[in-house]
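Accompanying notes for the structure given below.
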Amino acid sequence: MLSELKATLLAGSAEEYLSRLYERIERGKLNAFTTLARETALREAKSFDQNPGKGLLAGVPIAIKECISTKGIESNCSSRILQGYIPPYDAHVIERLRAEGAIIMGKTNMDEFAMGTSTETSAFGPTRNPWDIDCVPGGSSGGSAACVAGGEAPCSLGSDTGGSVRCPASFCGIVGLKPTYGLVSRYGLIAYANSLEQIGPLTRTVKDTALLLEVIAGHDWRDSTSAEKSSYLPDLDRGIYGMKIGIPKEYFGEGVNEKVEKSVWDAISVLEGLGASWQEVSLPHTQYALAAYYVIAMSEASSNLARFDGLRYGLRQAGEDRDWHTTFSEIRSKGFGPEVKRRILLGTYALSAGYYGRYYLKALKVRTLIKEDFLQAFKQVDLLASPTMPIPAFRIGERINDPLSLYKADIFTVPINLAGVPAISLPCGFAGQLPIGLQLIGPHFGEAAVLQAAQAFEAATPYHERTPEEVV
Ligand code: GLN
């Protein structure tokens, strides 16, 4: 736990601890990191050893997803088009981490521009799952999850547009939280689909997630969608006696792996044993969520990614000056990978005159219905419980040529982003050696209850204690 780590660092040496992490990263096979900030991080660790600060995360190293801007440290979104881009400023979350004394140890691999479910669309090769290195770690924050699960970092940040924190947390057997839309400032997050995404913590325990959320959440004037936070740590151990848990019937059954389904039902029994009650609820528009999500996400992406023109940052074209159109298309053909191109094309199509009403506008209407599903459900229950992913981690290469099968795996995570509500994934079992994730979903700004339930579950179960150390 991070609080214990802080005590160890105070008694020992942060510099030594960090050096050991870097050695482990170099020895390992995970390819979880794309950029290491070794020099600055070791310098900061040394200065902590000489003069430890009082911050909530003083001396604690943290790994950051490539799409979160870090001043002086490359932030390339695992894309060729941004390779070599060093932001001149920190994202809001990075400012908050630094203010609490955390040490940015490096940047983690991801699906290119966060478009994916497996970290295989990265321009820098796939990240491997520490539980089975032939399997994907999930995505798009695969690097951020694999490094924590594989003991290369004590904690990390990812971003979640349609499941990108929760999916890799589930596949790698750790905790990952997607906060309520607006709870964490997106200032400095390189946008994929801004109406859906949030930055969230990935850690080994629920308490650590609560601690990181405490640090990164809250209003920031540079993100007008950001809101005030409440406090998450003081009531974390309150328990769940009397809590009502809804089981969305659309999130079970066909397409859900048997072991996943059984583990999640076992988890519901554990919650019941801790004093919660459960009842079935319905989220009737679930079947339209994937279509609505992918239309909205791709439309926003096609607009957001238009700024990568090779003129201002990232990839440049050497040679004689050419007109803007030629440079724009040459740079983009070279700089973007196939999945990003597919999404820009589909998104542009969905937004184009004549199709806008048929696709984009329609998707927005479906989004309202999905949000309404959640609002109705939360009139009856305090939280919802479901599998995070319908399947455990799959093998590298198994699905990458079948985009639809990858999109389909997001079925239980994307509705949460469409509705803007918070959800956590935490370990609740294993299929063979591969972890399974339980998803707990709360109403808007209901993080405190989500974390309390997760904490109660974690305290009553052994899953978070198992680590994949042996296989790394
Ligand atoms: N897998 C989803 C997608 O490809 C979610 C990605 C994300 O949350 N960034 O869009």
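Each chain of the structure tokens is named A, B, ... in the order shown, its residues numbered from 1; ligands are numbered from 1 in display order.
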
Which residues of chain A come within 6 Å of ligand 1, and what is each one's closest atom pair and distance in Å (one decimal), counting only C-alpha atoms and all ligand atoms, sorted by chain and residue number, as a Markdown table?
```
| residue | atom | partner | partner_atom_place_in_ligand_line | distance |
| --- | --- | --- | --- | --- |
| A:Ala114 | CA | ligand 1 | 9 (N) | 4.2 |
| A:Met115 | CA | ligand 1 | 4 (O) | 4.0 |
| A:Gly116 | CA | ligand 1 | 4 (O) | 3.6 |
| A:Thr117 | CA | ligand 1 | 1 (N) | 4.2 |
| A:Ser140 | CA | ligand 1 | 9 (N) | 5.4 |
| A:Asp160 | CA | ligand 1 | 8 (O) | 4.0 |
| A:Thr161 | CA | ligand 1 | 8 (O) | 3.4 |
| A:Gly162 | CA | ligand 1 | 8 (O) | 3.6 |
| A:Gly163 | CA | ligand 1 | 8 (O) | 4.2 |
| A:Ser164 | CA | ligand 1 | 8 (O) | 3.5 |
| A:Asp410 | CA | ligand 1 | 1 (N) | 5.9 |
```

- Write out as an NGL selection string all residues of segment 234-320 of chain A that backbone DSSP assigns to strand (DSSP E). :A and (244-248 or 277-281)

- Message: Just want the 10 Å neighbourhood of segment 389-395 of chain A, counted on only C-alpha atoms, with same-chain residues fewer than 5 positions away dropped. Output as a ChimeraX atom specification.
- Response: /A:118,128-129,131-138,163,166-168,170-172,251-261,400,408-413,425,430-439

- Query: Residues at most 9 Å from Gly53 of chain A, counting only C-alpha atoms, excluding those fewer than 6 positions away in the same chain, as a ChimeraX atom specification?
  - Reply: /A:59,100-101

Expected file contents, prior selection, C-alpha atoms, as a tab-separated table (two decimals), in the first residue's frame:
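Once written, result-v6.tsv looks like this:
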```tsv
chain	number	residue	atom	x	y	z
A	59	GLY	CA	8.69	10.29	-2.52
A	100	GLU	CA	1.92	16.25	-3.17
A	101	GLY	CA	5.51	15.15	-3.71
```

- Using atom CA of Tyr232 of chain A and atom CA of Asp208 of chain A as the two end points, give the distance in Å to one decimal. 10.8 Å

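Distance check against Pro130 of chain A using only C-alpha atoms: of A:Asp111, A:Glu197, A:Glu152, A:Glu95, the minimum falls on A:Glu152.
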
- Query: Any idea what's packed within 6 Å of Cys67 of chain A, counting only C-alpha atoms, ignoring anything in its chain fewer than 6 positions away? Could you give it as a PyMOL selection string?
  - Reply: chain A and resi 75+77+189-190

Take the residues that were just selected and, keeping N, CA and C atoms, output them as a PDB file, in the first residue's frame.
```
ATOM      1  N   SER A  75       5.485  13.076 -24.499  1.00  0.00           N
ATOM      2  CA  SER A  75       4.091  12.638 -24.356  1.00  0.00           C
ATOM      3  C   SER A  75       3.593  12.349 -25.760  1.00  0.00           C
ATOM      4  N   CYS A  77       1.408   9.758 -26.997  1.00  0.00           N
ATOM      5  CA  CYS A  77       0.176   9.001 -27.264  1.00  0.00           C
ATOM      6  C   CYS A  77       0.451   7.687 -27.981  1.00  0.00           C
ATOM      7  N   LEU A 189      -4.773  16.620 -20.878  1.00  0.00           N
ATOM      8  CA  LEU A 189      -4.995  15.264 -21.419  1.00  0.00           C
ATOM      9  C   LEU A 189      -5.167  15.412 -22.931  1.00  0.00           C
ATOM     10  N   ILE A 190      -4.332  14.748 -23.698  1.00  0.00           N
ATOM     11  CA  ILE A 190      -4.434  14.867 -25.157  1.00  0.00           C
ATOM     12  C   ILE A 190      -5.718  14.160 -25.583  1.00  0.00           C
TER      13      ILE A 190
END
```

- Query: Could you work out how far atom CA of Asn401 of chain A lies from atom CA of Glu300 of chain A, giving the answer in Å with one decimal?
  - Reply: 23.5 Å

- Which of A:Arg222, A:Lys65, A:Arg98, A:Arg20 sits closest to Ser141 of chain A [using only C-alpha atoms]: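 Closest candidate: A:Lys65.
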
- Extract the full set of alpha helix (DSSP H) residues from segment 66-298 of chain A according to DSSP on the backbone, and format it as a count of residues only. 60

- Query: Pick the closest to Leu351 of chain A from A:Leu305, A:Met298, A:Ile216, A:Ala385: which is it, counting only C-alpha atoms?
  - Reply: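 Ranking A:Leu305, A:Met298, A:Ile216, A:Ala385 by distance to Leu351 of chain A, first place goes to A:Met298.
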
- Message: Could you list, as a list in words, every residue within 12 Å of Gln287 of chain A, counting only C-alpha atoms and ignoring same-chain residues fewer than 2 positions away?
- Response: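 Using only C-alpha atoms, the neighbours found are Lys249, Glu250, Tyr251, Ser282, Leu283, Pro284, His285, Ala289, Leu290, Ala291, Ala292, Tyr293, Val366, Arg367, Leu369, Ile370, Asp373, Lys408, Asp410, Ile411, Phe412, Val414 and Pro415 of chain A.
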
- Of the residues A:Gly72, A:Gly314, A:Asn31, A:Asp90, which is the one nearest to Met110 of chain A, using only C-alpha atoms?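 Checking each candidate against Met110 of chain A, we get A:Asn31 as the closest.
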
- Counting only C-alpha atoms, figure out which residue out of A:Ala363, A:Leu202, A:Ala453, A:Ala153 gets nearest to Leu177 of chain A.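 Once distances to Leu177 of chain A are computed over only C-alpha atoms, the minimum belongs to A:Leu202.
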
- How far is it from atom CA of Ser224 of chain A to atom CA of Pro179 of chain A, in Å with one decimal?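 It comes out at 16.3 Å.
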